file coords38.txt (compact mmCIF, C-alpha atoms)
# COMPACT_ATOMS: atom_id res chain seq x y z
CA MET N 360 63.40 -5.22 14.67
CA ASP N 361 66.61 -3.15 14.97
CA LEU N 362 65.05 -0.37 17.05
CA TYR N 363 63.53 -2.74 19.57
CA ALA N 364 66.81 -4.65 19.83
CA ALA N 365 68.74 -1.41 20.54
CA LEU N 366 66.10 -0.24 23.02
CA ARG N 367 66.04 -3.56 24.84
CA ALA N 368 69.84 -3.67 25.07
CA ALA N 369 70.01 -0.15 26.53
CA ILE N 370 67.20 -0.76 29.05
CA ARG N 371 68.77 -4.04 30.18
CA ALA N 372 72.20 -2.39 30.56
CA GLY N 373 70.64 0.48 32.57
CA GLU N 374 71.93 2.99 30.02
CA PRO N 375 69.94 6.17 29.34
CA VAL N 376 67.75 5.84 26.24
CA ALA N 377 64.60 7.54 24.92
CA LEU N 378 62.13 6.60 22.21
CA ALA N 379 60.05 9.11 20.24
CA THR N 380 56.99 7.63 18.51
CA VAL N 381 54.45 9.36 16.25
CA ILE N 382 51.13 8.49 17.93
CA ALA N 383 48.82 10.69 15.85
CA GLY N 384 49.06 12.84 12.75
CA THR N 385 46.49 15.13 11.19
CA ALA N 386 46.43 15.33 7.39
CA VAL N 387 45.45 18.53 5.55
CA ALA N 388 44.73 19.03 1.86
CA GLY N 389 47.72 18.00 -0.23
CA LYS N 390 49.86 16.97 2.72
CA PRO N 391 49.77 13.42 4.06
CA ALA N 392 49.75 12.83 7.78
CA ALA N 393 52.92 11.55 9.42
CA ALA N 394 52.91 7.75 9.67
CA VAL N 395 51.61 6.64 13.05
CA GLY N 396 54.14 4.35 14.72
CA SER N 397 57.28 5.82 13.11
CA LYS N 398 60.10 6.10 15.59
CA LEU N 399 63.34 7.74 16.56
CA LEU N 400 65.58 6.14 19.19
CA VAL N 401 67.84 8.61 20.98
CA ARG N 402 70.86 7.91 23.19
CA PRO N 403 73.34 10.49 24.54
CA ASP N 404 76.49 10.85 22.39
CA MET N 405 75.19 8.58 19.61
CA PRO N 406 73.43 9.38 16.35
CA PRO N 407 69.65 8.72 16.55
CA LEU N 408 68.25 5.56 15.00
CA GLY N 409 65.12 5.49 12.83
CA SER N 410 63.07 8.40 11.52
CA LEU N 411 59.75 10.14 12.09
CA GLY N 412 59.47 10.60 8.32
CA ASN N 413 60.98 14.06 7.84
CA ALA N 414 64.60 15.12 8.34
CA GLU N 415 63.75 18.47 9.91
CA LEU N 416 61.20 16.89 12.27
CA ASP N 417 63.83 14.27 13.17
CA ARG N 418 66.36 16.97 14.04
CA ILE N 419 63.98 18.92 16.30
CA ALA N 420 62.44 15.83 17.88
CA ALA N 421 65.88 14.31 18.60
CA ARG N 422 66.92 17.52 20.36
CA ASP N 423 63.73 17.59 22.47
CA THR N 424 63.92 13.88 23.21
CA LEU N 425 67.43 14.23 24.56
CA ALA N 426 66.26 17.09 26.82
CA GLU N 427 63.35 15.00 28.11
CA LEU N 428 65.74 12.12 28.75
CA GLU N 429 68.05 14.34 30.78
CA ALA N 430 65.07 15.35 32.94
CA ALA N 431 63.82 11.73 33.08
CA ARG N 432 60.43 12.85 31.71
CA THR N 433 57.94 10.91 29.62
CA GLY N 434 55.11 12.64 27.75
CA VAL N 435 53.59 13.89 24.50
CA ARG N 436 54.85 16.80 22.34
CA HIS N 437 53.21 18.36 19.31
CA TYR N 438 54.94 19.49 16.12
CA GLY N 439 54.24 20.61 12.60
CA PRO N 440 55.17 18.09 9.87
CA ASN N 441 58.60 19.74 9.49
CA GLY N 442 59.26 20.04 13.20
CA GLU N 443 57.56 23.41 13.69
CA THR N 444 57.13 24.10 17.39
CA THR N 445 55.93 27.68 17.80
CA PRO N 446 52.17 28.36 17.80
CA GLU N 447 52.46 30.82 14.86
CA ASP N 448 54.26 28.22 12.74
CA LEU N 449 51.59 25.67 13.54
CA VAL N 450 48.57 27.69 12.39
CA GLY N 451 46.97 25.90 9.43
CA THR N 452 49.54 23.10 9.36
CA PRO N 453 48.88 19.47 10.19
CA GLU N 454 49.90 18.45 13.67
CA VAL N 455 52.10 15.52 14.59
CA SER N 456 51.81 14.14 18.13
CA VAL N 457 55.01 12.51 19.33
CA PHE N 458 55.15 10.36 22.47
CA ILE N 459 58.57 10.60 24.10
CA GLU N 460 59.47 7.81 26.54
CA SER N 461 62.55 8.18 28.72
CA TRP N 462 64.43 5.42 30.42
CA ALA N 463 66.80 7.30 32.69
CA PRO N 464 69.01 5.78 35.36
CA PRO N 465 67.09 5.41 38.65
CA PRO N 466 67.18 8.18 41.26
CA GLN N 467 69.85 7.80 43.93
CA MET N 468 69.57 7.62 47.68
CA TRP N 469 72.79 8.02 49.62
CA ILE N 470 72.51 6.89 53.24
CA PHE N 471 75.29 7.96 55.62
CA GLY N 472 75.62 5.86 58.75
CA ALA N 473 75.42 2.06 58.96
CA VAL N 474 72.95 2.05 61.86
CA ASP N 475 69.76 0.11 62.70
CA PHE N 476 67.63 2.44 60.60
CA THR N 477 69.84 2.09 57.55
CA GLY N 478 68.73 -1.40 56.50
CA ALA N 479 65.05 -0.53 56.85
CA LEU N 480 65.46 2.71 54.90
CA ALA N 481 67.47 0.97 52.17
CA LYS N 482 64.70 -1.64 51.83
CA VAL N 483 61.90 0.90 51.51
CA ALA N 484 63.99 3.00 49.09
CA LYS N 485 64.54 -0.08 46.89
CA VAL N 486 60.75 -0.63 46.75
CA LEU N 487 60.45 2.96 45.50
CA GLY N 488 63.02 2.38 42.76
CA TYR N 489 66.08 4.14 44.19
CA ARG N 490 69.65 3.10 43.58
CA VAL N 491 70.83 2.92 47.19
CA ILE N 492 74.35 3.67 48.45
CA VAL N 493 75.21 3.06 52.11
CA CYS N 494 78.31 4.82 53.44
CA ASP N 495 80.03 4.65 56.82
CA ALA N 496 83.68 5.10 57.83
CA ARG N 497 83.58 2.08 60.17
CA GLU N 498 84.37 -1.03 58.19
CA THR N 499 82.95 -3.40 60.82
CA PHE N 500 79.52 -1.85 60.23
CA ALA N 501 79.55 -0.91 56.55
CA THR N 502 79.44 -4.44 55.15
CA ARG N 503 77.55 -6.02 52.29
CA ARG N 504 76.40 -8.75 54.66
CA ARG N 505 74.56 -6.23 56.85
CA PHE N 506 73.08 -4.37 53.85
CA PRO N 507 72.48 -6.92 51.09
CA MET N 508 69.62 -4.77 49.75
CA ALA N 509 71.93 -1.80 49.03
CA ASP N 510 73.35 -1.40 45.53
CA GLU N 511 76.66 -0.27 46.96
CA VAL N 512 78.24 -0.23 50.43
CA ILE N 513 81.16 2.18 50.79
CA VAL N 514 83.63 2.37 53.68
CA SER N 515 84.60 6.03 53.68
CA TRP N 516 84.19 9.41 55.31
CA PRO N 517 81.53 11.53 53.56
CA THR N 518 83.82 14.19 52.10
CA PRO N 519 85.70 12.00 49.55
CA VAL N 520 82.42 10.40 48.38
CA PHE N 521 80.89 13.82 47.69
CA ALA N 522 84.12 15.02 46.06
CA GLU N 523 84.13 12.03 43.73
CA ARG N 524 80.47 11.86 42.75
CA GLY N 525 78.53 14.69 44.36
CA HIS N 526 78.10 16.19 40.88
CA THR N 527 75.83 13.27 39.92
CA LEU N 528 73.20 14.26 42.52
CA ALA N 529 70.14 16.07 41.15
CA ALA N 530 66.65 17.18 42.15
CA ARG N 531 65.16 13.70 42.20
CA ASP N 532 67.95 12.25 44.40
CA ALA N 533 68.08 12.08 48.21
CA VAL N 534 70.80 12.21 50.86
CA CYS N 535 69.85 10.77 54.25
CA ILE N 536 72.31 11.32 57.08
CA LEU N 537 71.52 8.87 59.88
CA THR N 538 74.79 8.93 61.86
CA HIS N 539 73.64 11.43 64.52
CA ASP N 540 77.31 11.87 65.32
CA PRO N 541 78.56 15.44 64.73
CA LYS N 542 82.03 14.39 63.54
CA PHE N 543 80.38 12.45 60.73
CA ASP N 544 77.26 14.46 59.98
CA VAL N 545 78.75 17.95 59.96
CA PRO N 546 81.03 17.10 56.98
CA ALA N 547 78.17 15.18 55.31
CA VAL N 548 75.73 18.09 55.66
CA THR N 549 78.37 20.59 54.55
CA ALA N 550 79.14 18.58 51.41
CA ALA N 551 75.48 17.75 50.64
CA LEU N 552 74.55 21.45 50.74
CA LYS N 553 77.07 22.09 47.94
CA THR N 554 75.25 19.67 45.59
CA ALA N 555 72.01 20.02 43.64
CA VAL N 556 70.42 17.11 45.54
CA GLY N 557 66.66 17.54 46.00
CA TYR N 558 66.36 16.19 49.54
CA ILE N 559 68.69 16.30 52.53
CA GLY N 560 67.38 14.63 55.68
CA VAL N 561 69.36 14.46 58.92
CA MET N 562 68.47 12.14 61.80
CA GLY N 563 68.67 13.06 65.46
CA SER N 564 66.60 14.49 68.27
CA ARG N 565 65.67 18.17 68.37
CA GLY N 566 68.48 18.61 70.90
CA THR N 567 71.01 16.89 68.62
CA HIS N 568 69.86 19.09 65.77
CA ALA N 569 70.33 22.26 67.83
CA THR N 570 73.90 21.14 68.66
CA ARG N 571 74.49 20.31 65.01
CA MET N 572 73.31 23.76 63.86
CA HIS N 573 75.70 25.28 66.35
CA ARG N 574 78.59 23.20 64.97
CA LEU N 575 77.62 24.05 61.40
CA ASN N 576 77.71 27.72 62.36
CA GLU N 577 81.20 27.23 63.76
CA VAL N 578 82.46 25.88 60.45
CA GLY N 579 80.92 28.83 58.64
CA ILE N 580 77.67 27.27 57.36
CA ASN N 581 75.20 29.97 58.33
CA ASP N 582 73.31 30.92 55.18
CA GLN N 583 69.72 30.52 56.46
CA GLN N 584 68.38 30.02 52.92
CA GLU N 585 70.75 27.09 52.44
CA LEU N 586 70.09 25.64 55.90
CA ARG N 587 66.34 25.62 55.10
CA ARG N 588 67.15 22.73 52.74
CA LEU N 589 67.88 20.49 55.73
CA MET N 590 64.98 18.26 56.79
CA ALA N 591 65.93 17.70 60.42
CA PRO N 592 64.82 15.94 62.48
CA ILE N 593 64.32 13.67 59.43
CA GLY N 594 60.88 12.33 58.47
CA LEU N 595 57.17 13.10 58.68
CA ASP N 596 55.40 13.32 62.02
CA LEU N 597 53.75 9.89 61.81
CA GLY N 598 54.57 8.75 65.32
CA ALA N 599 56.87 6.08 63.84
CA ARG N 600 58.49 3.76 66.39
CA THR N 601 60.41 0.99 64.62
CA PRO N 602 63.20 1.44 62.04
CA GLU N 603 60.75 0.23 59.36
CA GLU N 604 58.08 2.77 60.35
CA THR N 605 60.76 5.48 60.46
CA ALA N 606 61.86 4.46 56.95
CA VAL N 607 58.28 4.95 55.72
CA SER N 608 58.11 8.37 57.38
CA ILE N 609 61.40 9.39 55.68
CA CYS N 610 60.35 8.17 52.24
CA ALA N 611 56.91 9.77 52.66
CA GLU N 612 58.66 13.05 53.47
CA ILE N 613 60.81 12.75 50.32
CA ILE N 614 57.66 12.30 48.21
CA ALA N 615 55.91 15.23 49.93
CA CYS N 616 58.98 17.48 49.41
CA ARG N 617 59.07 16.58 45.73
CA SER N 618 55.38 17.26 45.16
CA GLY N 619 55.25 20.28 47.48
CA ARG N 620 52.25 18.82 49.32
CA PRO N 621 51.68 19.33 53.07
CA ALA N 622 51.26 15.56 53.66
CA ARG N 623 47.82 15.61 55.24
CA SER N 624 45.34 12.76 55.07
CA LEU N 625 43.45 12.81 51.76
CA ARG N 626 40.23 12.76 53.77
CA ASP N 627 41.14 16.18 55.15
CA SER N 628 42.23 17.77 51.86
CA ALA N 629 40.53 18.61 48.57
CA GLY N 630 41.66 18.60 44.94
CA PRO N 631 43.49 16.09 42.75
CA ILE N 632 44.93 13.03 44.52
CA HIS N 633 47.99 12.51 42.31
CA ALA N 634 50.61 15.23 41.85
CA GLY N 635 50.86 16.56 38.27
CA MET E 749 58.87 -1.61 29.96
CA LYS E 750 61.87 -3.18 31.64
CA GLU E 751 59.68 -5.69 33.51
CA LEU E 752 58.10 -6.77 30.20
CA LEU E 753 61.31 -7.63 28.37
CA ASP E 754 61.63 -11.23 29.57
CA ASP E 755 58.05 -12.11 28.60
CA ILE E 756 58.36 -10.35 25.25
CA ASP E 757 61.63 -12.18 24.52
CA ARG E 758 59.99 -15.50 25.32
CA TRP E 759 56.94 -14.76 23.14
CA LEU E 760 59.01 -13.57 20.19
CA ALA E 761 61.28 -16.63 20.48
CA ALA E 762 58.16 -18.83 20.37
CA GLY E 763 57.13 -17.12 17.13
CA SER E 764 54.22 -15.16 18.63
CA ARG E 765 53.40 -11.65 17.54
CA VAL E 766 53.21 -8.99 20.23
CA ALA E 767 51.37 -5.69 20.73
CA ILE E 768 52.44 -3.04 23.25
CA ALA E 769 50.22 -0.49 25.03
CA ARG E 770 51.70 2.50 26.84
CA VAL E 771 50.10 5.23 28.93
CA VAL E 772 50.94 8.41 26.98
CA ASP E 773 48.91 10.95 28.91
CA ILE E 774 46.77 11.25 32.01
CA GLU E 775 44.29 13.92 33.04
CA GLY E 776 43.26 14.36 36.62
CA SER E 777 43.69 11.39 38.84
CA GLY E 778 45.40 8.44 37.18
CA PRO E 779 46.66 5.20 38.65
CA ARG E 780 49.80 4.90 36.50
CA GLU E 781 52.22 7.46 35.09
CA PRO E 782 52.93 8.06 31.39
CA GLY E 783 55.25 5.29 30.26
CA ALA E 784 53.45 2.53 32.18
CA SER E 785 53.26 -0.32 29.71
CA MET E 786 51.64 -3.63 29.00
CA ALA E 787 52.35 -6.26 26.34
CA VAL E 788 49.87 -8.70 24.82
CA ASN E 789 50.74 -11.65 22.61
CA GLU E 790 48.55 -13.12 19.87
CA HIS E 791 47.20 -15.74 22.29
CA GLY E 792 45.94 -13.03 24.64
CA GLU E 793 48.65 -13.55 27.26
CA VAL E 794 49.52 -10.38 29.16
CA ALA E 795 52.59 -8.87 30.85
CA GLY E 796 52.59 -5.61 32.82
CA SER E 797 49.70 -3.23 33.42
CA VAL E 798 48.53 0.26 32.49
CA SER E 799 46.03 0.97 35.27
CA GLY E 800 44.96 -0.51 38.55
CA GLY E 801 43.19 -3.30 36.68
CA CYS E 802 40.38 -1.03 35.46
CA VAL E 803 41.02 -1.10 31.71
CA GLU E 804 43.33 -4.05 31.06
CA GLY E 805 40.54 -6.25 29.65
CA ALA E 806 39.64 -3.64 27.04
CA VAL E 807 43.32 -3.18 26.18
CA VAL E 808 43.70 -6.92 25.47
CA ALA E 809 40.71 -6.81 23.09
CA GLU E 810 42.16 -3.79 21.26
CA ALA E 811 45.65 -5.35 21.10
CA LEU E 812 44.24 -8.58 19.63
CA ALA E 813 42.27 -6.61 17.04
CA ILE E 814 45.52 -4.87 16.01
CA LEU E 815 47.44 -8.16 15.83
CA GLN E 816 44.64 -9.71 13.73
CA GLY E 817 44.76 -6.77 11.31
CA ASP E 818 41.29 -5.53 12.26
CA ALA E 819 42.58 -2.26 13.70
CA ASN E 820 45.56 0.05 13.28
CA ALA E 821 48.01 1.35 15.86
CA ARG E 822 46.22 4.22 17.57
CA VAL E 823 45.54 6.23 20.70
CA ILE E 824 42.54 5.19 22.78
CA SER E 825 41.12 6.95 25.84
CA PHE E 826 39.55 5.62 28.99
CA GLY E 827 37.76 7.73 31.55
CA PHE E 828 34.58 9.39 32.59
CA SER E 829 35.18 12.84 31.17
CA ASP E 830 35.83 11.83 27.56
CA ASP E 831 32.80 11.50 25.29
CA GLU E 832 34.56 8.93 23.19
CA ALA E 833 35.86 6.97 26.12
CA PHE E 834 35.40 3.25 26.13
CA ALA E 835 32.54 1.84 28.18
CA VAL E 836 34.92 0.78 30.92
CA GLY E 837 36.14 3.58 33.14
CA LEU E 838 38.66 4.38 35.80
CA THR E 839 37.41 4.13 39.34
CA CYS E 840 39.61 7.05 40.36
CA GLY E 841 37.72 9.41 38.04
CA GLY E 842 40.56 10.47 35.74
CA THR E 843 41.20 9.95 32.04
CA ILE E 844 44.11 8.04 30.57
CA ARG E 845 45.20 7.88 26.96
CA LEU E 846 47.02 4.82 25.72
CA PHE E 847 48.93 4.22 22.51
CA ILE E 848 48.59 0.65 21.29
CA GLU E 849 50.77 -0.67 18.47
CA PRO E 850 52.20 -3.91 17.15
CA LEU E 851 55.81 -4.62 18.16
CA ASP E 852 57.14 -4.78 14.60
CA TRP E 853 59.95 -2.27 14.88

call {"tool": "encode", "arguments": {"input": "coords38.txt", "output": "structure tokens"}}
result
Amino acid sequence: MDLYAALRAAIRAGEPVALATVIAGTAVAGKPAAAVGSKLLVRPDMPPLGSLGNAELDRIAARDTLAELEAARTGVRHYGPNGETTPEDLVGTPEVSVFIESWAPPPQMWIFGAVDFTGALAKVAKVLGYRVIVCDARETFATRRRFPMADEVIVSWPTPVFAERGHTLAARDAVCILTHDPKFDVPAVTAALKTAVGYIGVMGSRGTHATRMHRLNEVGINDQQELRRLMAPIGLDLGARTPEETAVSICAEIIACRSGRPARSLRDSAGPIHAG
Amino acid sequence: MKELLDDIDRWLAAGSRVAIARVVDIEGSGPREPGASMAVNEHGEVAGSVSGGCVEGAVVAEALAILQGDANARVISFGFSDDEAFAVGLTCGGTIRLFIEPLDW
């Protein structure tokens, strides 16, 4: 059970790994169907393990599997027995269905500001599967003891954190700026806007946000298209009162932003319940 | 899958054979995403889930048939819209396809 052992080791270590499995194969005259259950295990920067039964199919499937892994997607792809992918190539040839499973590192949530809301938000984010980083420049507040649920607590100003690892942020990640202090959130917003992060939420009243926009303008951040990325004041309009309720409204907003849904009650909408 | 590893390790160490079911595809409304997985050992013990409890019983029966050599690894569908769907359905009205295979790789 070499493949399972390698898969298990990678999953346990939290390293990216993907498994391609033939789940169905159609036979045509003279050509046997691909063996159901054959597998290819793919990890970045390592040769694939196993085989789907044909070297050319292995080459194409390994390439696609790596791409799916990078996007953290899991799903089924269809090929010809030699890895054909275009519809013309597939006419009259048997079809191989390959299930590609990705185990990608979890999405990240960076929370700036070690305030009352931070612990509640970190807790809800952990339930949703995020790797949570809490960052604040004040070392009395940014402590592991106050945020035991966070994966990492960093004592720093925002700019160096973004400089060091802003490039790891992608569409499925979130940056939540809870400081509502301009000297902290202006640099955090400025740096977050330079990343590919999918969600940027900034806490503060409507008045605080107006002041913040003014300060952002002063430091030369005035591209309206870019500023549209800011979700501020942060969260959905749920009427949340406690830090915990606010955390739910923030996480609900992140989900709604990702799916592009208007976040109404299902009772008052029509169509499929789950986003595709 | 990650949440299944401890149970699978324990079962394999005890000499039990194991089958794994994964959601490979959903149509319409589905309770779990592709990749949701469930493991069944030869004694019918279960780890994980592939739906909101709607189809797990049928998955155990299919997994045991595979482990006993009465069925091969294959894709099975559950849902209202599929003519070949199993008798049990999903309460949310969607269709899910599962791949069930022995863990012998």

call {"tool": "atom_distance", "arguments": {"input": "coords38.txt", "atom1": "atom CA of Glu498 of chain N", "atom2": "atom CA of Ile513 of chain N"}}
result
8.7 Å

call {"tool": "closest_atom_pairs", "arguments": {"input": "coords38.txt", "of": "chain E", "to": "chain N", "cutoff": "12 Å", "atoms": "all atoms listed in the file", "output": "tab-separated table"}}
result
residue	atom	partner	partner_atom	distance
E:Met749	CA	N:Ile370	CA	8.4
E:Lys750	CA	N:Ile370	CA	6.4
E:Glu751	CA	N:Arg371	CA	9.8
E:Leu752	CA	N:Arg367	CA	10.1
E:Leu753	CA	N:Arg367	CA	7.2
E:Asp754	CA	N:Arg367	CA	10.0
E:Ile756	CA	N:Arg367	CA	10.3
E:Asp757	CA	N:Arg367	CA	9.7
E:Leu760	CA	N:Met360	CA	10.9
E:Ile768	CA	N:Gly396	CA	11.4
E:Ala769	CA	N:Ile382	CA	11.5
E:Arg770	CA	N:Glu460	CA	9.4
E:Val771	CA	N:Gly434	CA	9.0
E:Val772	CA	N:Gly434	CA	6.0
E:Asp773	CA	N:Gly434	CA	6.5
E:Ile774	CA	N:Gly635	CA	9.2
E:Glu775	CA	N:Gly635	CA	8.8
E:Gly776	CA	N:Pro631	CA	6.4
E:Ser777	CA	N:His633	CA	5.6
E:Gly778	CA	N:His633	CA	7.0
E:Pro779	CA	N:His633	CA	8.3
E:Arg780	CA	N:His633	CA	9.7
E:Glu781	CA	N:Thr433	CA	8.6
E:Pro782	CA	N:Thr433	CA	6.0
E:Gly783	CA	N:Glu460	CA	6.2
E:Ala784	CA	N:Glu460	CA	9.8
E:Ser785	CA	N:Glu460	CA	10.7
E:Asn820	CA	N:Val395	CA	8.9
E:Ala821	CA	N:Gly396	CA	6.9
E:Arg822	CA	N:Ile382	CA	6.5
E:Val823	CA	N:Ile382	CA	6.6
E:Ile824	CA	N:Ile382	CA	10.4
E:Cys840	CA	N:Ile632	CA	9.0
E:Gly841	CA	N:Pro631	CA	10.0
E:Gly842	CA	N:Pro631	CA	9.5
E:Arg845	CA	N:Val435	CA	10.6
E:Leu846	CA	N:Ile382	CA	9.5
E:Phe847	CA	N:Ile382	CA	6.6
E:Ile848	CA	N:Ile382	CA	8.9
E:Glu849	CA	N:Gly396	CA	7.1
E:Pro850	CA	N:Gly396	CA	8.8
E:Leu851	CA	N:Tyr363	CA	8.1
E:Asp852	CA	N:Met360	CA	6.3
E:Trp853	CA	N:Met360	CA	4.5

call {"tool": "atom_distance", "arguments": {"input": "coords38.txt", "atom1": "atom CA of Gly384 of chain N", "atom2": "atom CA of Pro403 of chain N"}}
result
27.1 Å

call {"tool": "closest_residue", "arguments": {"input": "coords38.txt", "among": "N:Arg587, N:His539, N:Arg490, N:Arg531", "to": "Thr570 of chain N", "atoms": "all atoms listed in the file"}}
result
N:His539

call {"tool": "atom_distance", "arguments": {"input": "coords38.txt", "atom1": "atom CA of Ala522 of chain N", "atom2": "atom CA of Ile536 of chain N"}}
result
16.6 Å

call {"tool": "residues_near_point", "arguments": {"input": "coords38.txt", "point": "(41.3, -0.8, 23.8)", "cutoff": "10 Å", "atoms": "all atoms listed in the file", "output": "list in words"}}
result
Ala769, Val803, Glu804, Gly805, Ala806, Val807, Val808, Ala809, Glu810, Ala811, Leu812, Ala813, Ile814, Arg822, Val823, Ile824, Ser825, Phe826, Ala833, Phe834, Val836, Leu846, Phe847 and Ile848 of chain E

call {"tool": "residues_around", "arguments": {"input": "coords38.txt", "residues": "Glu454 of chain N", "least_positions_apart": "5", "cutoff": "10 Å", "atoms": "all atoms listed in the file", "output": "number ranges by chain"}}
result
N: 383-387, 392-393, 437-444, 449

call {"tool": "residues_around", "arguments": {"input": "coords38.txt", "residues": "segment 418-422 of chain N", "least_positions_apart": "6", "cutoff": "8 Å", "atoms": "all atoms listed in the file", "output": "PyMOL selection string"}}
result
chain N and resi 379+399+401+407+442

call {"tool": "build_atoms", "arguments": {"input": "coords38.txt", "residues": "segment 449-462 of chain N", "atoms": "N, CA, C and O atoms", "output": "mmCIF file, in the coordinates of the input"}}
result
data_model
loop_
_atom_site.group_PDB
_atom_site.id
_atom_site.type_symbol
_atom_site.label_atom_id
_atom_site.label_comp_id
_atom_site.auth_asym_id
_atom_site.auth_seq_id
_atom_site.Cartn_x
_atom_site.Cartn_y
_atom_site.Cartn_z
ATOM 1 N N LEU N 449 52.473 26.830 13.595
ATOM 2 C CA LEU N 449 51.590 25.670 13.540
ATOM 3 C C LEU N 449 50.203 26.004 13.006
ATOM 4 O O LEU N 449 49.427 25.109 12.712
ATOM 5 N N VAL N 450 49.898 27.315 12.866
ATOM 6 C CA VAL N 450 48.570 27.690 12.390
ATOM 7 C C VAL N 450 48.369 27.153 10.974
ATOM 8 O O VAL N 450 49.183 27.397 10.084
ATOM 9 N N GLY N 451 47.310 26.389 10.764
ATOM 10 C CA GLY N 451 46.970 25.900 9.430
ATOM 11 C C GLY N 451 47.827 24.748 8.954
ATOM 12 O O GLY N 451 47.684 24.306 7.812
ATOM 13 N N THR N 452 48.741 24.245 9.794
ATOM 14 C CA THR N 452 49.540 23.100 9.360
ATOM 15 C C THR N 452 49.081 21.847 10.105
ATOM 16 O O THR N 452 48.570 21.943 11.215
ATOM 17 N N PRO N 453 49.266 20.694 9.496
ATOM 18 C CA PRO N 453 48.880 19.470 10.190
ATOM 19 C C PRO N 453 49.738 19.276 11.427
ATOM 20 O O PRO N 453 50.879 19.738 11.482
ATOM 21 N N GLU N 454 49.191 18.621 12.406
ATOM 22 C CA GLU N 454 49.900 18.450 13.670
ATOM 23 C C GLU N 454 50.355 17.001 13.811
ATOM 24 O O GLU N 454 49.654 16.071 13.452
ATOM 25 N N VAL N 455 51.562 16.847 14.308
ATOM 26 C CA VAL N 455 52.100 15.520 14.590
ATOM 27 C C VAL N 455 52.252 15.401 16.106
ATOM 28 O O VAL N 455 52.885 16.247 16.728
ATOM 29 N N SER N 456 51.647 14.370 16.689
ATOM 30 C CA SER N 456 51.810 14.140 18.130
ATOM 31 C C SER N 456 52.875 13.085 18.325
ATOM 32 O O SER N 456 52.798 12.001 17.757
ATOM 33 N N VAL N 457 53.883 13.422 19.117
ATOM 34 C CA VAL N 457 55.010 12.510 19.330
ATOM 35 C C VAL N 457 55.071 12.149 20.813
ATOM 36 O O VAL N 457 55.105 13.030 21.681
ATOM 37 N N PHE N 458 55.050 10.855 21.089
ATOM 38 C CA PHE N 458 55.150 10.360 22.470
ATOM 39 C C PHE N 458 56.620 10.084 22.747
ATOM 40 O O PHE N 458 57.264 9.311 22.042
ATOM 41 N N ILE N 459 57.155 10.769 23.745
ATOM 42 C CA ILE N 459 58.570 10.600 24.100
ATOM 43 C C ILE N 459 58.659 9.823 25.407
ATOM 44 O O ILE N 459 58.158 10.270 26.435
ATOM 45 N N GLU N 460 59.279 8.651 25.342
ATOM 46 C CA GLU N 460 59.470 7.810 26.540
ATOM 47 C C GLU N 460 60.935 7.859 26.933
ATOM 48 O O GLU N 460 61.803 7.600 26.111
ATOM 49 N N SER N 461 61.174 8.129 28.225
ATOM 50 C CA SER N 461 62.550 8.180 28.720
ATOM 51 C C SER N 461 62.832 7.017 29.651
ATOM 52 O O SER N 461 62.023 6.727 30.528
ATOM 53 N N TRP N 462 63.940 6.397 29.453
ATOM 54 C CA TRP N 462 64.430 5.420 30.420
ATOM 55 C C TRP N 462 65.744 5.981 30.963
ATOM 56 O O TRP N 462 66.788 5.856 30.325
#
